[in-house]
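*Asks:* Got protein_39.tsv for you, TSV, C-alpha atoms:
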chain	number	residue	atom	x	y	z
A	1	MET	CA	0.00	0.00	0.00
A	2	LYS	CA	1.11	3.59	-0.60
A	3	LEU	CA	1.34	5.99	2.34
A	4	ALA	CA	2.58	9.52	2.78
A	5	PHE	CA	6.00	10.01	4.38
A	6	ASP	CA	4.49	12.09	7.21
A	7	GLU	CA	1.75	9.53	7.83
A	8	VAL	CA	4.38	6.85	8.44
A	9	ARG	CA	6.54	9.25	10.49
A	10	ARG	CA	3.64	10.27	12.75
A	11	ALA	CA	2.40	6.69	13.30
A	12	ALA	CA	5.92	5.53	14.13
A	13	ALA	CA	6.42	8.43	16.56
A	14	ARG	CA	3.09	7.66	18.29
A	15	ALA	CA	4.01	3.98	18.58
A	16	LEU	CA	7.39	4.89	20.11
A	17	LEU	CA	5.73	7.33	22.50
A	18	ALA	CA	3.22	4.68	23.61
A	19	ALA	CA	6.08	2.20	24.04
A	20	GLY	CA	7.99	4.44	26.44
A	21	ALA	CA	10.88	5.57	24.24
A	22	ALA	CA	13.02	8.37	25.68
A	23	PRO	CA	11.89	11.96	25.02
A	24	GLY	CA	13.01	13.03	21.56
A	25	VAL	CA	13.70	9.49	20.40
A	26	GLU	CA	10.08	9.03	19.37
A	27	GLU	CA	10.27	11.93	16.90
A	28	ASP	CA	13.80	11.11	15.69
A	29	SER	CA	13.24	7.39	15.22
A	30	GLY	CA	9.76	8.04	13.82
A	31	TRP	CA	11.44	10.14	11.12
A	32	ALA	CA	14.08	7.41	10.63
A	33	CYS	CA	11.32	4.81	10.16
A	34	ALA	CA	9.77	6.82	7.31
A	35	TRP	CA	13.22	7.61	5.85
A	36	LEU	CA	14.18	3.93	5.79
A	37	GLN	CA	10.86	3.01	4.20
A	38	ALA	CA	11.38	5.70	1.55
A	39	ALA	CA	14.91	4.40	0.90
A	40	GLY	CA	13.53	0.92	0.19
A	41	TYR	CA	14.26	-0.72	3.54
A	42	ASP	CA	11.62	-2.23	5.83
A	43	GLY	CA	11.67	0.55	8.42
A	44	VAL	CA	8.10	-0.17	9.57
A	45	LYS	CA	8.71	-3.90	9.91
A	46	MET	CA	11.95	-3.32	11.88
A	47	LEU	CA	10.21	-0.83	14.19
A	48	VAL	CA	7.33	-3.21	14.89
A	49	GLU	CA	9.83	-6.00	15.62
A	50	ALA	CA	11.82	-3.73	17.95
A	51	LEU	CA	8.69	-2.70	19.84
A	52	GLU	CA	7.42	-6.26	20.12
A	53	THR	CA	10.73	-7.82	21.21
A	54	THR	CA	12.36	-5.14	23.35
A	55	PRO	CA	11.31	-5.16	27.01
A	56	ARG	CA	9.93	-1.79	28.14
A	57	GLU	CA	12.83	-1.26	30.57
A	58	ASP	CA	15.30	-1.56	27.66
A	59	ARG	CA	13.62	1.11	25.52
A	60	ARG	CA	15.62	3.88	27.19
A	61	PRO	CA	19.13	2.46	27.03
A	62	SER	CA	22.04	4.06	28.83
A	63	ILE	CA	24.67	5.01	26.29
A	64	VAL	CA	28.03	4.06	27.77
A	65	PHE	CA	31.05	5.04	25.67
A	66	GLU	CA	34.19	3.14	26.70
A	67	TYR	CA	37.35	2.70	24.65
A	68	GLY	CA	35.54	3.99	21.55
A	69	ILE	CA	32.73	1.42	21.86
A	70	VAL	CA	29.02	1.69	22.61
A	71	ASP	CA	27.78	-1.82	23.45
A	72	LEU	CA	23.97	-2.16	23.38
A	73	HIS	CA	24.10	-5.76	24.68
A	74	ASN	CA	21.76	-6.96	21.90
A	75	GLY	CA	19.51	-3.91	22.24
A	76	SER	CA	17.78	-2.22	19.34
A	77	ALA	CA	19.25	0.76	17.50
A	78	VAL	CA	15.69	2.08	17.20
A	79	PHE	CA	16.04	3.39	20.77
A	80	ALA	CA	19.69	4.51	20.65
A	81	ALA	CA	20.75	5.48	17.12
A	82	PRO	CA	20.12	9.24	17.42
A	83	GLN	CA	22.35	9.54	20.50
A	84	VAL	CA	25.05	7.20	19.19
A	85	VAL	CA	25.35	9.10	15.90
A	86	ASP	CA	25.52	12.40	17.84
A	87	LEU	CA	28.31	10.84	19.91
A	88	ALA	CA	30.14	9.72	16.75
A	89	ALA	CA	29.89	13.26	15.36
A	90	ALA	CA	31.40	14.63	18.58
A	91	GLU	CA	34.08	11.94	19.04
A	92	GLY	CA	34.96	11.34	15.39
A	93	ARG	CA	34.26	7.60	15.49
A	94	VAL	CA	32.21	5.12	17.49
A	95	PHE	CA	32.11	1.35	17.25
A	96	PHE	CA	28.46	0.31	17.74
A	97	ALA	CA	28.51	-3.22	19.19
A	98	ASN	CA	25.95	-5.95	19.84
A	99	VAL	CA	23.09	-4.07	18.24
A	100	ARG	CA	19.86	-5.17	16.56
A	101	HIS	CA	18.15	-3.10	13.84
A	102	GLY	CA	21.41	-1.34	13.03
A	103	LEU	CA	19.90	0.09	9.85
A	104	TYR	CA	18.18	2.63	12.11
A	105	ALA	CA	21.56	4.37	12.40
A	106	LEU	CA	21.76	4.91	8.62
A	107	PRO	CA	19.39	7.90	8.28
A	108	PHE	CA	21.15	9.73	11.10
A	109	THR	CA	24.60	9.11	9.63
A	110	VAL	CA	23.47	10.39	6.23
A	111	ARG	CA	21.96	13.49	7.84
A	112	ALA	CA	25.13	14.10	9.88
A	113	GLY	CA	27.46	13.48	6.91
A	114	LEU	CA	29.14	10.52	8.63
A	115	ALA	CA	30.34	7.27	7.11
A	116	ILE	CA	28.94	4.00	8.40
A	117	GLY	CA	30.14	0.40	8.32
A	118	CYS	CA	27.75	-2.43	7.44
A	119	PRO	CA	24.69	-1.72	9.64
A	120	VAL	CA	23.19	-5.16	9.05
A	121	ASP	CA	26.07	-6.67	11.02
A	122	PRO	CA	25.60	-6.90	14.80
A	123	SER	CA	28.60	-4.56	15.26
A	124	PHE	CA	29.85	-1.76	12.99
A	125	ALA	CA	31.70	1.55	12.98
A	126	ILE	CA	30.24	5.04	12.62
A	127	GLY	CA	32.53	7.94	11.86
A	128	GLY	CA	34.60	9.64	9.26
A	129	GLU	CA	33.25	11.85	6.53
A	130	ARG	CA	30.48	10.86	4.12
A	131	THR	CA	30.63	12.64	0.80
A	132	GLY	CA	27.23	13.37	-0.64
A	133	ASP	CA	23.85	11.79	-0.05
A	134	PRO	CA	23.38	8.71	-2.23
A	135	TYR	CA	19.78	8.36	-1.00
A	136	ARG	CA	18.48	11.88	-1.78
A	137	ASP	CA	16.96	11.14	-5.21
A	138	LYS	CA	15.38	7.87	-4.08
A	139	ILE	CA	13.88	9.47	-0.96
A	140	ASP	CA	12.55	12.46	-2.92
A	141	ALA	CA	10.94	10.14	-5.48
A	142	ALA	CA	9.35	8.01	-2.74
A	143	ILE	CA	8.00	11.09	-0.97
A	144	GLU	CA	6.46	12.22	-4.26
A	145	ALA	CA	4.96	8.82	-5.14
A	146	GLY	CA	4.20	7.59	-1.63
A	147	LEU	CA	5.99	5.02	0.50
A	148	ASP	CA	5.39	1.33	-0.13
A	149	VAL	CA	4.42	-0.37	3.13
A	150	ALA	CA	3.19	-3.94	3.51
A	151	GLU	CA	-0.41	-3.97	4.77
A	152	ASP	CA	0.37	-6.37	7.65
A	153	ASP	CA	3.24	-4.17	8.82
A	154	TRP	CA	1.05	-1.05	8.63
A	155	ARG	CA	-1.75	-2.73	10.61
A	156	ALA	CA	0.75	-3.80	13.28
A	157	LEU	CA	2.28	-0.31	13.51
A	158	SER	CA	-1.16	1.33	13.61
A	159	ALA	CA	-2.21	-0.94	16.48
A	160	LEU	CA	0.93	-0.02	18.43
A	161	ALA	CA	0.41	3.70	17.67
A	162	ALA	CA	-3.21	3.52	18.86
A	163	LYS	CA	-1.93	2.73	22.36
A	164	ALA	CA	-0.80	6.37	22.60
A	165	LEU	CA	-4.39	7.54	22.29
A	166	VAL	CA	-6.68	7.87	25.26
A	167	PRO	CA	-10.34	6.86	25.22
A	168	GLU	CA	-12.73	9.74	24.67
A	169	THR	CA	-14.46	10.52	27.94
A	170	GLU	CA	-15.77	13.74	29.39
A	171	GLN	CA	-12.76	13.79	31.73
A	172	SER	CA	-10.20	13.23	28.95
A	173	LEU	CA	-11.78	15.97	26.83
A	174	LEU	CA	-11.63	18.40	29.76
A	175	LYS	CA	-7.91	17.65	30.07
A	176	GLY	CA	-7.24	18.48	26.42
A	177	ALA	CA	-7.63	15.18	24.57
A	178	GLY	CA	-9.28	15.15	21.17
A	179	ALA	CA	-9.26	17.43	18.16
A	180	GLY	CA	-11.41	20.09	19.79
A	181	THR	CA	-14.56	21.61	18.42
A	182	VAL	CA	-15.08	21.37	14.68
A	183	ILE	CA	-16.61	24.50	13.20
A	184	GLU	CA	-18.05	24.08	9.72
A	185	ARG	CA	-18.02	27.15	7.52
A	186	ASP	CA	-20.07	27.73	4.40
Show the structure stored in the file as structure tokens.

*Replies:*
Amino acid sequence: MKLAFDEVRRAAARALLAAGAAPGVEEDSGWACAWLQAAGYDGVKMLVEALETTPREDRRPSIVFEYGIVDLHNGSAVFAAPQVVDLAAAEGRVFFANVRHGLYALPFTVRAGLAIGCPVDPSFAIGGERTGDPYRDKIDAAIEAGLDVAEDDWRALSALAAKALVPETEQSLLKGAGAGTVIERD
């Protein structure tokens, strides 16, 4: 099915918010999900897998940088890639070890102009200069045409995103939930 880039980004961000991702990670990794999908990778499928297989207490990993290495102990890059790439930009190079869903680091390295090792391996390096953006044309074309997302993956992500919504009750509306009053104009 074809979906808009922002539709995928927003659903991914809501799912991450509902799942207890650290503040800021939901927006960053929500964007990365849509970026990966636009680049031809299964960003939605990887995100759903990360949310379904990562215990809630591991969704806000501590980033420990020792001897040039950040070891996630088989954690998902979905929850750590933005911070690790920022660290690589500051330090010049980081070895990202024992990581699942390493492709989630790719959008951040492209945006930061950093080189990346093979992110499908469980351990890889981030650092050094990237020249150009080899994904720009493909991403622009996908944004124009819509992102291809498997229906099962979209249903799974939508169900996870729905957990961020609160039921409509008089109390929830008084506290600011909902879209507000709709005024129709002629």

*Asks:* Counting all atoms listed in the file, give me one row per residue of stretch 117-156 of chain A with an atom at most 9 Å from an atom of stretch 75-99 of chain A, showing the shortest contact pair and its distance in Å to one decimal, sorted by chain then residue number, as JSON lines.

*Replies:*
{"residue": "A:Asp121", "atom": "CA", "partner": "A:Val99", "partner_atom": "CA", "distance": 8.2}
{"residue": "A:Pro122", "atom": "CA", "partner": "A:Val99", "partner_atom": "CA", "distance": 5.1}
{"residue": "A:Ser123", "atom": "CA", "partner": "A:Ala97", "partner_atom": "CA", "distance": 4.2}
{"residue": "A:Phe124", "atom": "CA", "partner": "A:Phe96", "partner_atom": "CA", "distance": 5.4}
{"residue": "A:Ala125", "atom": "CA", "partner": "A:Phe95", "partner_atom": "CA", "distance": 4.3}
{"residue": "A:Ile126", "atom": "CA", "partner": "A:Val94", "partner_atom": "CA", "distance": 5.3}
{"residue": "A:Gly127", "atom": "CA", "partner": "A:Arg93", "partner_atom": "CA", "distance": 4.0}
{"residue": "A:Gly128", "atom": "CA", "partner": "A:Gly92", "partner_atom": "CA", "distance": 6.4}

*Asks:* Need to verify the contact set: A:Leu157, 12 Å, only C-alpha atoms, exclusion of same-chain residues closer than 4 positions in sequence. Can you return it as JSON, numbers by chain?

*Replies:* {"A": [7, 8, 9, 10, 11, 12, 13, 14, 15, 16, 18, 19, 30, 33, 43, 44, 45, 46, 47, 48, 49, 50, 51, 52, 149, 150, 151, 152, 153, 161, 162, 163, 164]}

*Asks:* Let's have the selection written as a PDB file, in the coordinates of the input, with C-alpha atoms.

*Replies:*
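Dumped to out-v7.pdb:
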ATOM      1  CA  GLU A   7       1.750   9.530   7.830  1.00  0.00           C
ATOM      2  CA  VAL A   8       4.380   6.850   8.440  1.00  0.00           C
ATOM      3  CA  ARG A   9       6.540   9.250  10.490  1.00  0.00           C
ATOM      4  CA  ARG A  10       3.640  10.270  12.750  1.00  0.00           C
ATOM      5  CA  ALA A  11       2.400   6.690  13.300  1.00  0.00           C
ATOM      6  CA  ALA A  12       5.920   5.530  14.130  1.00  0.00           C
ATOM      7  CA  ALA A  13       6.420   8.430  16.560  1.00  0.00           C
ATOM      8  CA  ARG A  14       3.090   7.660  18.290  1.00  0.00           C
ATOM      9  CA  ALA A  15       4.010   3.980  18.580  1.00  0.00           C
ATOM     10  CA  LEU A  16       7.390   4.890  20.110  1.00  0.00           C
ATOM     11  CA  ALA A  18       3.220   4.680  23.610  1.00  0.00           C
ATOM     12  CA  ALA A  19       6.080   2.200  24.040  1.00  0.00           C
ATOM     13  CA  GLY A  30       9.760   8.040  13.820  1.00  0.00           C
ATOM     14  CA  CYS A  33      11.320   4.810  10.160  1.00  0.00           C
ATOM     15  CA  GLY A  43      11.670   0.550   8.420  1.00  0.00           C
ATOM     16  CA  VAL A  44       8.100  -0.170   9.570  1.00  0.00           C
ATOM     17  CA  LYS A  45       8.710  -3.900   9.910  1.00  0.00           C
ATOM     18  CA  MET A  46      11.950  -3.320  11.880  1.00  0.00           C
ATOM     19  CA  LEU A  47      10.210  -0.830  14.190  1.00  0.00           C
ATOM     20  CA  VAL A  48       7.330  -3.210  14.890  1.00  0.00           C
ATOM     21  CA  GLU A  49       9.830  -6.000  15.620  1.00  0.00           C
ATOM     22  CA  ALA A  50      11.820  -3.730  17.950  1.00  0.00           C
ATOM     23  CA  LEU A  51       8.690  -2.700  19.840  1.00  0.00           C
ATOM     24  CA  GLU A  52       7.420  -6.260  20.120  1.00  0.00           C
ATOM     25  CA  VAL A 149       4.420  -0.370   3.130  1.00  0.00           C
ATOM     26  CA  ALA A 150       3.190  -3.940   3.510  1.00  0.00           C
ATOM     27  CA  GLU A 151      -0.410  -3.970   4.770  1.00  0.00           C
ATOM     28  CA  ASP A 152       0.370  -6.370   7.650  1.00  0.00           C
ATOM     29  CA  ASP A 153       3.240  -4.170   8.820  1.00  0.00           C
ATOM     30  CA  ALA A 161       0.410   3.700  17.670  1.00  0.00           C
ATOM     31  CA  ALA A 162      -3.210   3.520  18.860  1.00  0.00           C
ATOM     32  CA  LYS A 163      -1.930   2.730  22.360  1.00  0.00           C
ATOM     33  CA  ALA A 164      -0.800   6.370  22.600  1.00  0.00           C
TER      34      ALA A 164
END

*Asks:* Using all atoms listed in the file, determine which residues lie at most 9 Å from A:Ala22, disregarding the query and same-chain residues fewer than 4 positions distant; provide the list as a ChimeraX atom specification.

*Replies:* /A:16-17,26,59-61,79

*Asks:* Just checking: using only C-alpha atoms, which residue out of A:Glu66, A:Glu27, A:Glu144, A:Glu129 ends up closest to A:Lys2?

*Replies:*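 Residue with the minimum atom-to-atom distance to A:Lys2: A:Glu144.
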
*Asks:* Could you tell me how far atom CA of A:Ala112 lies from atom CA of A:Thr54, in Å and to one decimal?

*Replies:*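 Atom-to-atom, atom CA of A:Ala112 and atom CA of A:Thr54 are spaced 26.7 Å apart.
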
*Asks:* What's the separation between atom CA of A:Ile69 and atom CA of A:Arg130, in Å to one decimal place?

*Replies:*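 These two atoms are separated by 20.2 Å.
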